[in-house]
$ cat final-v4.txt   # compact mmCIF, C-alpha atoms and all ligand atoms
# COMPACT_ATOMS: atom_id res chain seq x y z
CA MET C 14 58.21 -86.59 -40.07
CA LEU C 15 58.15 -89.77 -37.97
CA TYR C 16 61.19 -92.03 -37.81
CA GLU C 17 61.21 -95.75 -36.98
CA PHE C 18 61.06 -96.73 -33.33
CA ARG C 19 60.38 -100.06 -31.64
CA TYR C 20 56.95 -100.48 -30.03
CA ARG C 21 56.52 -102.64 -26.94
CA ALA C 22 53.26 -103.32 -25.08
CA PRO C 23 53.80 -105.11 -21.76
CA LYS C 24 50.81 -106.95 -20.27
CA THR C 25 51.92 -106.83 -16.62
CA ALA C 26 53.41 -104.23 -14.30
CA SER C 27 56.48 -106.39 -13.72
CA GLU C 28 57.10 -106.68 -17.48
CA MET C 29 56.68 -102.91 -17.71
CA ILE C 30 59.24 -102.35 -14.95
CA ARG C 31 61.73 -104.70 -16.62
CA LEU C 32 61.34 -102.95 -19.99
CA LEU C 33 61.70 -99.50 -18.39
CA ASP C 34 64.80 -100.66 -16.56
CA ASP C 35 66.30 -101.97 -19.82
CA HIS C 36 65.47 -98.71 -21.64
CA ARG C 37 66.19 -96.05 -19.01
CA ASP C 38 68.00 -93.87 -21.56
CA ASP C 39 66.22 -94.58 -24.84
CA GLY C 40 62.65 -95.55 -23.83
CA LYS C 41 59.50 -93.46 -23.47
CA ILE C 42 56.11 -94.45 -22.09
CA LEU C 43 53.08 -94.08 -24.34
CA ALA C 44 49.61 -93.55 -22.84
CA GLY C 45 47.03 -91.69 -24.96
CA GLY C 46 49.86 -90.14 -26.99
CA THR C 47 48.26 -86.68 -27.12
CA ASP C 48 51.39 -85.07 -25.68
CA LEU C 49 53.98 -87.71 -26.58
CA LEU C 50 53.26 -88.07 -30.30
CA PRO C 51 53.27 -84.32 -31.11
CA ASN C 52 56.61 -84.17 -29.26
CA ILE C 53 58.02 -87.03 -31.36
CA ARG C 54 56.55 -85.54 -34.55
CA ASP C 55 58.09 -82.13 -33.80
CA GLY C 56 61.50 -83.72 -33.12
CA ASN C 57 61.61 -82.63 -29.46
CA ILE C 58 62.27 -86.21 -28.38
CA ARG C 59 63.45 -89.29 -30.26
CA PRO C 60 62.94 -92.44 -28.20
CA ALA C 61 64.28 -95.68 -29.71
CA VAL C 62 61.62 -97.67 -27.86
CA VAL C 63 58.04 -96.59 -27.17
CA ILE C 64 56.50 -98.60 -24.32
CA ASP C 65 52.70 -98.66 -24.39
CA ALA C 66 51.38 -98.60 -20.82
CA LYS C 67 47.72 -99.12 -21.78
CA LYS C 68 47.84 -102.92 -22.22
CA ILE C 69 48.85 -103.66 -18.62
CA GLN C 70 46.14 -105.70 -16.96
CA SER C 71 43.61 -103.51 -15.05
CA ALA C 72 45.45 -100.32 -16.06
CA ASP C 73 42.14 -98.90 -17.29
CA SER C 74 40.32 -99.61 -14.03
CA ILE C 75 38.73 -96.79 -12.04
CA ALA C 76 37.25 -97.98 -8.77
CA TRP C 77 35.84 -96.47 -5.60
CA SER C 78 35.95 -98.00 -2.12
CA ALA C 79 35.36 -96.35 1.24
CA SER C 80 38.64 -97.83 2.51
CA GLU C 81 40.96 -96.80 -0.35
CA GLY C 82 39.13 -93.94 -2.05
CA LEU C 83 39.06 -93.44 -5.82
CA VAL C 84 41.80 -95.52 -7.46
CA MET C 85 42.62 -94.74 -11.10
CA GLY C 86 44.94 -97.01 -13.09
CA ASN C 87 47.53 -95.44 -15.39
CA ALA C 88 45.41 -95.97 -18.53
CA VAL C 89 42.25 -94.29 -17.18
CA THR C 90 41.22 -91.61 -19.66
CA ILE C 91 39.61 -88.26 -18.93
CA ASN C 92 36.33 -89.55 -20.37
CA ASP C 93 36.59 -92.70 -18.18
CA VAL C 94 36.58 -90.33 -15.19
CA LEU C 95 33.51 -88.52 -16.51
CA ARG C 96 31.72 -91.85 -17.11
CA CYS C 97 32.40 -93.08 -13.55
CA ARG C 98 29.33 -92.55 -11.33
CA GLU C 99 31.33 -92.41 -8.08
CA ALA C 100 33.71 -89.86 -9.57
CA ARG C 101 30.79 -87.65 -10.57
CA GLU C 102 28.90 -88.01 -7.28
CA LEU C 103 31.78 -88.01 -4.77
CA PHE C 104 34.44 -85.95 -6.55
CA PRO C 105 32.55 -83.34 -8.60
CA VAL C 106 35.56 -81.01 -8.71
CA LEU C 107 37.63 -83.73 -10.40
CA CYS C 108 34.93 -83.93 -13.07
CA ASP C 109 34.78 -80.13 -13.43
CA CYS C 110 38.46 -80.10 -14.28
CA ALA C 111 38.07 -83.13 -16.58
CA ARG C 112 35.26 -81.41 -18.54
CA GLN C 113 37.53 -78.41 -19.17
CA LEU C 114 40.34 -80.51 -20.66
CA ALA C 115 40.48 -80.23 -24.46
CA SER C 116 37.72 -81.71 -26.65
CA HIS C 117 35.65 -84.90 -26.39
CA GLN C 118 37.92 -86.60 -28.94
CA ILE C 119 41.11 -85.74 -27.01
CA ARG C 120 39.46 -86.74 -23.72
CA ASN C 121 38.78 -90.19 -25.21
CA ARG C 122 42.55 -90.73 -25.61
CA ALA C 123 44.16 -88.52 -22.95
CA THR C 124 44.86 -90.17 -19.60
CA VAL C 125 44.96 -88.59 -16.16
CA ALA C 126 48.43 -90.14 -15.65
CA GLY C 127 49.74 -88.66 -18.92
CA ASN C 128 48.34 -85.25 -17.97
CA VAL C 129 50.24 -85.11 -14.68
CA VAL C 130 53.47 -86.76 -15.90
CA ASN C 131 53.60 -84.33 -18.83
CA ALA C 132 53.56 -81.69 -16.07
CA SER C 133 52.57 -78.69 -18.11
CA PRO C 134 51.76 -75.65 -15.92
CA CYS C 135 48.34 -75.67 -17.62
CA ALA C 136 47.54 -79.35 -16.86
CA ASP C 137 43.82 -79.21 -16.11
CA MET C 138 43.66 -82.31 -13.88
CA ALA C 139 46.34 -80.99 -11.54
CA PRO C 140 44.25 -78.40 -9.61
CA ALA C 141 41.72 -81.08 -8.61
CA LEU C 142 44.35 -83.66 -7.66
CA LEU C 143 46.17 -81.04 -5.57
CA CYS C 144 43.02 -79.81 -3.80
CA LEU C 145 41.79 -83.37 -3.11
CA ASP C 146 45.09 -84.52 -1.49
CA ALA C 147 45.57 -87.15 -4.21
CA PHE C 148 48.82 -89.06 -4.51
CA ALA C 149 50.69 -90.98 -7.19
CA VAL C 150 51.84 -94.56 -6.78
CA LEU C 151 55.17 -94.94 -8.58
CA GLU C 152 56.73 -98.29 -9.51
CA SER C 153 60.25 -99.18 -10.55
CA ALA C 154 62.81 -101.97 -10.17
CA SER C 155 63.70 -100.41 -6.80
CA GLY C 156 60.14 -100.82 -5.49
CA THR C 157 57.02 -98.72 -4.88
CA ARG C 158 56.74 -95.21 -3.50
CA GLN C 159 53.81 -92.90 -2.95
CA VAL C 160 54.13 -89.20 -3.68
CA PRO C 161 51.42 -86.63 -2.86
CA PHE C 162 50.70 -84.31 -5.79
CA SER C 163 51.69 -81.38 -3.57
CA GLU C 164 55.28 -82.74 -3.98
CA PHE C 165 54.98 -84.27 -7.47
CA PHE C 166 55.60 -81.28 -9.78
CA THR C 167 59.12 -79.84 -9.70
CA GLY C 168 59.18 -77.44 -12.67
CA VAL C 169 57.87 -76.83 -16.18
CA LYS C 170 57.44 -80.39 -17.59
CA HIS C 171 59.38 -81.84 -14.66
CA THR C 172 58.23 -84.18 -11.91
CA VAL C 173 59.77 -86.32 -9.19
CA LEU C 174 59.64 -89.38 -11.51
CA LYS C 175 63.07 -90.97 -11.89
CA ALA C 176 64.43 -92.85 -14.91
CA GLY C 177 62.99 -96.37 -14.91
CA GLU C 178 59.96 -95.36 -12.84
CA PHE C 179 56.33 -95.26 -13.97
CA LEU C 180 53.11 -93.94 -12.51
CA GLU C 181 51.04 -97.05 -11.84
CA LYS C 182 47.99 -95.45 -10.27
CA ILE C 183 46.53 -92.28 -8.82
CA ILE C 184 44.57 -92.41 -5.57
CA ILE C 185 42.20 -89.79 -4.20
CA PRO C 186 41.65 -90.58 -0.52
CA ALA C 187 38.11 -91.30 0.67
CA SER C 188 38.46 -88.41 3.16
CA ALA C 189 38.25 -85.99 0.20
CA ALA C 190 34.88 -87.35 -0.98
CA GLY C 191 32.13 -84.76 -1.06
CA ALA C 192 34.47 -81.75 -1.41
CA ARG C 193 32.56 -78.99 -3.16
CA GLY C 194 33.90 -76.44 -5.60
CA TYR C 195 34.22 -75.29 -9.17
CA TYR C 196 36.95 -74.76 -11.78
CA LEU C 197 36.98 -71.60 -13.90
CA LYS C 198 39.31 -71.72 -16.91
CA LEU C 199 40.02 -68.79 -19.19
CA LYS C 200 40.76 -69.62 -22.84
CA ARG C 201 41.38 -67.62 -25.98
CA ILE C 202 38.49 -69.31 -27.80
CA ALA C 203 35.12 -70.72 -26.76
CA GLY C 204 36.05 -74.24 -27.91
CA HIS C 205 38.90 -76.32 -26.58
CA ASP C 206 42.18 -74.58 -25.85
CA LEU C 207 44.98 -74.64 -23.31
CA GLY C 208 44.24 -72.31 -20.41
CA ILE C 209 45.35 -68.70 -19.98
CA ILE C 210 44.56 -69.13 -16.30
CA GLY C 211 42.58 -71.75 -14.38
CA VAL C 212 41.31 -71.40 -10.81
CA LEU C 213 39.67 -74.20 -8.85
CA MET C 214 38.14 -73.34 -5.48
CA VAL C 215 37.35 -76.20 -3.12
CA ARG C 216 35.58 -76.27 0.25
CA ARG C 217 36.46 -79.15 2.56
CA ASN C 218 35.65 -79.44 6.26
CA ASN C 219 35.13 -75.67 6.50
CA GLY C 220 38.57 -75.05 4.98
CA ILE C 221 38.99 -73.34 1.62
CA ARG C 222 41.73 -74.11 -0.89
CA PHE C 223 42.61 -73.10 -4.41
CA GLY C 224 44.28 -75.05 -7.21
CA VAL C 225 45.68 -72.75 -9.89
CA SER C 226 46.88 -73.71 -13.39
CA SER C 227 48.81 -71.70 -16.03
CA ALA C 228 50.12 -69.27 -13.44
CA ALA C 229 53.55 -70.59 -12.38
CA PRO C 230 56.18 -73.15 -13.49
CA THR C 231 54.01 -75.82 -11.84
CA PRO C 232 50.32 -76.08 -10.95
CA VAL C 233 49.88 -74.41 -7.55
CA LEU C 234 48.00 -75.38 -4.37
CA VAL C 235 47.07 -72.62 -1.93
CA ASP C 236 45.36 -73.92 1.20
CA GLY C 237 44.63 -73.05 4.81
CA MET C 238 41.94 -70.40 4.27
CA LEU C 239 38.70 -69.97 6.19
CA ASP C 240 35.49 -68.06 5.45
CA LYS C 241 36.28 -65.54 8.16
CA ASP C 242 39.56 -64.59 6.40
CA GLY C 243 37.50 -63.00 3.62
CA VAL C 244 37.97 -62.92 -0.14
CA ASP C 245 40.50 -60.05 -0.20
CA ALA C 246 42.90 -61.99 2.03
CA ALA C 247 42.41 -65.06 -0.17
CA ILE C 248 43.31 -63.06 -3.28
CA VAL C 249 46.45 -61.70 -1.62
CA LYS C 250 47.48 -65.23 -0.58
CA VAL C 251 46.93 -66.73 -4.05
CA LEU C 252 48.69 -63.87 -5.86
CA ALA C 253 51.68 -64.29 -3.53
CA ALA C 254 51.87 -67.98 -4.44
CA ILE C 255 51.73 -67.66 -8.25
CA LYS C 256 54.23 -66.25 -10.77
CA PRO C 257 52.28 -65.65 -13.98
CA ILE C 258 54.40 -65.00 -17.08
CA ASP C 259 53.91 -63.11 -20.37
CA ASP C 260 53.55 -65.44 -23.35
CA ILE C 261 51.62 -65.76 -26.62
CA ARG C 262 48.37 -66.43 -24.76
CA ALA C 263 48.38 -63.46 -22.35
CA SER C 264 50.47 -61.13 -20.23
CA GLY C 265 51.37 -61.99 -16.66
CA GLU C 266 49.49 -58.89 -15.51
CA TYR C 267 46.27 -60.03 -17.22
CA ARG C 268 46.64 -63.54 -15.79
CA ALA C 269 46.98 -62.12 -12.25
CA PHE C 270 43.97 -59.84 -12.82
CA MET C 271 41.83 -62.74 -14.04
CA ALA C 272 42.97 -64.98 -11.17
CA SER C 273 41.69 -62.30 -8.74
CA THR C 274 38.44 -61.93 -10.69
CA TYR C 275 37.85 -65.69 -10.66
CA ILE C 276 38.60 -65.99 -6.93
CA ARG C 277 36.05 -63.24 -6.22
CA ARG C 278 33.39 -64.97 -8.36
CA LEU C 279 34.05 -68.40 -6.89
CA TRP C 280 34.04 -67.05 -3.30
CA GLN C 281 30.51 -65.73 -3.88
CA GLU C 282 29.24 -68.84 -5.65
CA ILE C 283 30.70 -71.75 -3.67
CA LYS C 284 28.91 -71.59 -0.31
C1 LIG C 301 44.60 -80.58 -29.35
C2 LIG C 301 45.05 -80.77 -27.92
C3 LIG C 301 44.42 -80.06 -26.92
C4 LIG C 301 44.83 -80.20 -25.60
N1 LIG C 301 44.16 -79.50 -24.63
C5 LIG C 301 44.50 -79.66 -23.33
C6 LIG C 301 43.79 -78.97 -22.31
O1 LIG C 301 42.85 -78.22 -22.55
N2 LIG C 301 44.20 -79.17 -21.02
C7 LIG C 301 45.24 -79.99 -20.70
O2 LIG C 301 45.54 -80.13 -19.51
N3 LIG C 301 45.92 -80.66 -21.65
C8 LIG C 301 45.58 -80.52 -22.95
N4 LIG C 301 46.27 -81.20 -23.93
C9 LIG C 301 47.42 -82.02 -23.56
C10 LIG C 301 47.13 -83.53 -23.39
O3 LIG C 301 45.98 -83.94 -24.08
C11 LIG C 301 46.97 -83.93 -21.91
O4 LIG C 301 48.09 -83.52 -21.16
C12 LIG C 301 46.77 -85.44 -21.75
O5 LIG C 301 46.13 -85.70 -20.51
C13 LIG C 301 48.05 -86.26 -21.85
O6 LIG C 301 47.70 -87.63 -21.63
P1 LIG C 301 48.13 -88.79 -22.65
O7 LIG C 301 47.53 -90.05 -22.11
O8 LIG C 301 47.81 -88.46 -24.05
O9 LIG C 301 49.70 -88.78 -22.41
P2 LIG C 301 50.88 -89.18 -23.42
O10 LIG C 301 51.01 -88.17 -24.49
O11 LIG C 301 50.79 -90.60 -23.83
O12 LIG C 301 52.10 -89.03 -22.38
C14 LIG C 301 52.44 -87.77 -21.83
C15 LIG C 301 53.77 -87.90 -21.07
O13 LIG C 301 53.60 -88.70 -19.92
C16 LIG C 301 54.44 -89.87 -19.97
N5 LIG C 301 53.61 -90.93 -19.39
C17 LIG C 301 52.36 -91.29 -19.77
N6 LIG C 301 51.86 -92.21 -18.93
C18 LIG C 301 52.83 -92.46 -18.01
C19 LIG C 301 52.91 -93.30 -16.86
N7 LIG C 301 51.90 -94.10 -16.48
N8 LIG C 301 54.04 -93.29 -16.10
C20 LIG C 301 55.08 -92.46 -16.47
N9 LIG C 301 55.07 -91.66 -17.53
C21 LIG C 301 53.94 -91.64 -18.29
C22 LIG C 301 54.78 -90.05 -21.43
O14 LIG C 301 56.02 -90.73 -21.60
C23 LIG C 301 54.86 -88.60 -21.90
O15 LIG C 301 56.10 -88.05 -21.51
C24 LIG C 301 45.88 -81.08 -25.27
C25 LIG C 301 46.53 -81.79 -26.28
C26 LIG C 301 46.12 -81.65 -27.59
C27 LIG C 301 46.82 -82.45 -28.67

$ encode --input "final-v4.txt" --output "C-alpha cells"
Amino acid sequence: MLYEFRYRAPKTASEMIRLLDDHRDDGKILAGGTDLLPNIRDGNIRPAVVIDAKKIQSADSIAWSASEGLVMGNAVTINDVLRCREARELFPVLCDCARQLASHQIRNRATVAGNVVNASPCADMAPALLCLDAFAVLESASGTRQVPFSEFFTGVKHTVLKAGEFLEKIIIPASAAGARGYYLKLKRIAGHDLGIIGVLMVRRNNGIRFGVSSAAPTPVLVDGMLDKDGVDAAIVKVLAAIKPIDDIRASGEYRAFMASTYIRRLWQEIK
C-alpha cells in the first residue's frame, strides 16, 4: 500500500543538490524506480520526499569522446546503453552485461546509476564497470568527487555515497575501449531473473580480469592475471576473492562450482 509522499523534479544539478541537502534525512532519489518503488511498496523505506533525477538537463545523455571516454548521465537507461553505437562497438562487455539485466521492459526504465547505487551483490552492470576501470562522479553541496567502482561498493546495498550526495555521471575511460570479453550469468529460469552467479571475463592489454556478481556482499573485481598463469590458477584466485552464500536461489557450494565452470569456459572462448 503506497502512502502520500511529496514528488520533486529538479531541472538542474544545482537544484538537485539543494533539494538533497534540504532532505538529507527524509528524501530519496528516484531514477527508473525499479528498485525504489518495490522498496516503498513493501514498506522497507518511507521517504517523505521523492526527488526525480531524470528531469535534470542532459541527465539522459550518453556520449563518447576519445579524450573523456564514454560518459553516461544519471538518467541513462540500460536500453540507452544498448542503443548507443559507440557503446556496442567500443565497450562490448558493457553491452553483454546490459543484455543480461532483467527484461526489455525493465531495461527501458532501469538506469545504470540506479543499478550501482542500489548496490545489490547481483547488480549486472557492476562486473563491466569494475573490469573497465569506470568511475562515478558524485555531486553534493560540498563539491564533486570521483570514485572508481573498485572503491564504490562497501557492502550489501551499501556504497560510498554520503547523505546529500548524488551520482551525476558514470565515466568509462577511453583507455578501456576495445576490451574483449563475455558475461555468463546463471539464472533459475530461462527468462529474466536475478543471477545465481555471474562471471565476466575481460582481456585488456594482454591482462585478464574477472568481474563476479552474486558471489559476495559486493560485486567483485579480480585482476592481474596473464595467459601464462593458466586457468587453474585463475580459478583459485577468483574463488579466494569471493564468499558465496546459501540462499533461496542456490547454495554457496553450487555458486562456487558454477563460478569455476564459467571461468573454464570463458578462458577457452575469449582468446
Ligand atoms: C522484475 C525485476 C527484475 C530485475 N532484474 C534484474 C537483473 O536481472 N539484474 C539486475 O542487476 N537488476 C535487476 N533488477 C533490479 C533493478 O531493475 C536494477 O537494479 C535497476 O538498474 C535499478 O535502476 P533504477 O533506475 O530503476 O533505480 P531506482 O529504483 O530508481 O533507484 C535505485 C536506488 O538508487 C538510488 N538512486 C538512483 N539514481 C541515483 C543517483 N543518480 N544518485 C544517487 N542515488 C540514486 C535510489 O534512491 C534507490 O535507492 C530487477 C528489478 C525488477 C523489478

$ residues_around --input "final-v4.txt" --residues "Ala203 in chain C" --least-positions-apart "6" --cutoff "12 Å" --atoms "only C-alpha atoms" --output "PDB file with C-alpha atoms, in the frame of the given file"
ATOM      1  CA  GLN C 113      37.530 -78.410 -19.170  1.00  0.00           C
ATOM      2  CA  ALA C 115      40.480 -80.230 -24.460  1.00  0.00           C
ATOM      3  CA  SER C 116      37.720 -81.710 -26.650  1.00  0.00           C
TER       4      SER C 116
END

$ atom_distance --input "final-v4.txt" --atom1 "atom N5 of ligand LIG 301 (chain C)" --atom2 "CA of Ile53 in chain C"
13.3 Å

$ residues_near_point --input "final-v4.txt" --point "(51.8, -84.9, -8.2)" --cutoff "6 Å" --atoms "all atoms listed in the file" --output "number ranges by chain"
C: 161-166

$ closest_residue --input "final-v4.txt" --among "C:Pro230, C:Asp93, C:Ile210, C:Ile185" --to "Ser273 in chain C" --atoms "only C-alpha atoms"
C:Ile210

$ atom_distance --input "final-v4.txt" --atom1 "CA of Ala147 in chain C" --atom2 "atom O5 of ligand LIG 301 (chain C)"
16.4 Å

$ residues_near_ligand --input "final-v4.txt" --ligand "ligand LIG 301 (chain C)" --cutoff "6 Å" --atoms "all atoms listed in the file" --output "PyMOL selection string"
chain C and resi 41-49+87+114-115+119+122-128+130-131+135-137+179-181+205-207

$ residues_around --input "final-v4.txt" --residues "Glu81 in chain C" --least-positions-apart "3" --cutoff "7 Å" --atoms "all atoms listed in the file" --output "short mmCIF file (atom, residue, chain, number, x, y, z; two decimals) with C-alpha atoms, keeping the file's coordinate frame"
data_model
loop_
_atom_site.label_atom_id
_atom_site.label_comp_id
_atom_site.auth_asym_id
_atom_site.auth_seq_id
_atom_site.Cartn_x
_atom_site.Cartn_y
_atom_site.Cartn_z
CA SER C 78 35.95 -98.00 -2.12
CA PRO C 186 41.65 -90.58 -0.52
CA ALA C 187 38.11 -91.30 0.67
#

$ residues_around --input "final-v4.txt" --residues "Arg101 in chain C" --least-positions-apart "3" --cutoff "12 Å" --atoms "only C-alpha atoms" --output "list of chain:residue names"
C:Trp77, C:Leu83, C:Asn92, C:Asp93, C:Val94, C:Leu95, C:Arg96, C:Cys97, C:Arg98, C:Phe104, C:Pro105, C:Val106, C:Leu107, C:Cys108, C:Asp109, C:Cys110, C:Ala111, C:Arg112, C:Ala190, C:Gly191, C:Ala192, C:Arg193

$ atom_distance --input "final-v4.txt" --atom1 "CA of Lys198 in chain C" --atom2 "CA of Val212 in chain C"
6.4 Å

$ closest_residue --input "final-v4.txt" --among "C:Ser133, C:Asn121, C:Ser264, C:Thr157" --to "Thr231 in chain C" --atoms "all atoms listed in the file"
C:Ser133

$ residues_around --input "final-v4.txt" --residues "Ile276 in chain C" --least-positions-apart "2" --cutoff "12 Å" --atoms "only C-alpha atoms" --output "CSV table (one decimal) with C-alpha atoms, in the frame of the given file"
chain,number,residue,atom,x,y,z
C,194,GLY,CA,33.9,-76.4,-5.6
C,195,TYR,CA,34.2,-75.3,-9.2
C,196,TYR,CA,37.0,-74.8,-11.8
C,197,LEU,CA,37.0,-71.6,-13.9
C,198,LYS,CA,39.3,-71.7,-16.9
C,210,ILE,CA,44.6,-69.1,-16.3
C,211,GLY,CA,42.6,-71.8,-14.4
C,212,VAL,CA,41.3,-71.4,-10.8
C,213,LEU,CA,39.7,-74.2,-8.8
C,214,MET,CA,38.1,-73.3,-5.5
C,215,VAL,CA,37.4,-76.2,-3.1
C,221,ILE,CA,39.0,-73.3,1.6
C,222,ARG,CA,41.7,-74.1,-0.9
C,223,PHE,CA,42.6,-73.1,-4.4
C,224,GLY,CA,44.3,-75.0,-7.2
C,225,VAL,CA,45.7,-72.8,-9.9
C,235,VAL,CA,47.1,-72.6,-1.9
C,243,GLY,CA,37.5,-63.0,3.6
C,244,VAL,CA,38.0,-62.9,-0.1
C,245,ASP,CA,40.5,-60.0,-0.2
C,246,ALA,CA,42.9,-62.0,2.0
C,247,ALA,CA,42.4,-65.1,-0.2
C,248,ILE,CA,43.3,-63.1,-3.3
C,249,VAL,CA,46.4,-61.7,-1.6
C,250,LYS,CA,47.5,-65.2,-0.6
C,251,VAL,CA,46.9,-66.7,-4.0
C,252,LEU,CA,48.7,-63.9,-5.9
C,269,ALA,CA,47.0,-62.1,-12.2
C,270,PHE,CA,44.0,-59.8,-12.8
C,271,MET,CA,41.8,-62.7,-14.0
C,272,ALA,CA,43.0,-65.0,-11.2
C,273,SER,CA,41.7,-62.3,-8.7
C,274,THR,CA,38.4,-61.9,-10.7
C,278,ARG,CA,33.4,-65.0,-8.4
C,279,LEU,CA,34.0,-68.4,-6.9
C,280,TRP,CA,34.0,-67.0,-3.3
C,281,GLN,CA,30.5,-65.7,-3.9
C,282,GLU,CA,29.2,-68.8,-5.6
C,283,ILE,CA,30.7,-71.8,-3.7

$ closest_residue --input "final-v4.txt" --among "C:Leu15, C:Leu234, C:Asp39, C:Pro23" --to "Asn52 in chain C" --atoms "all atoms listed in the file"
C:Leu15

$ closest_residue --input "final-v4.txt" --among "C:Phe18, C:Ser74, C:Asp35, C:Met29" --to "Ile58 in chain C" --atoms "all atoms listed in the file"
C:Phe18

$ closest_atom_pairs --input "final-v4.txt" --of "range 43-161 of chain C" --to "range 172-176 of chain C" --cutoff "9 Å" --atoms "only C-alpha atoms" --output "CSV"
residue,atom,partner,partner_atom,distance
C:Val129,CA,C:Thr172,CA,8.5
C:Val130,CA,C:Thr172,CA,6.7
C:Asn131,CA,C:Thr172,CA,8.3
C:Ala132,CA,C:Thr172,CA,6.7
C:Leu151,CA,C:Leu174,CA,7.7
C:Ser153,CA,C:Ala176,CA,8.7
C:Val160,CA,C:Val173,CA,8.4

$ closest_residue --input "final-v4.txt" --among "C:Gly177, C:Gly40, C:Gly204, C:Gly86" --to "Lys67 in chain C" --atoms "only C-alpha atoms"
C:Gly86

$ closest_residue --input "final-v4.txt" --among "C:Ile184, C:Val233, C:Val150, C:Ala228" --to "Ala100 in chain C" --atoms "all atoms listed in the file"
C:Ile184

$ axis_aligned_box --input "final-v4.txt" --around "range 270-273 of chain C" --padding-each-side "6 Å" --output "AutoDock Vina command-line options"
--center_x 42.8 --center_y -62.4 --center_z -11.4 --size_x 14.3 --size_y 17.1 --size_z 17.3
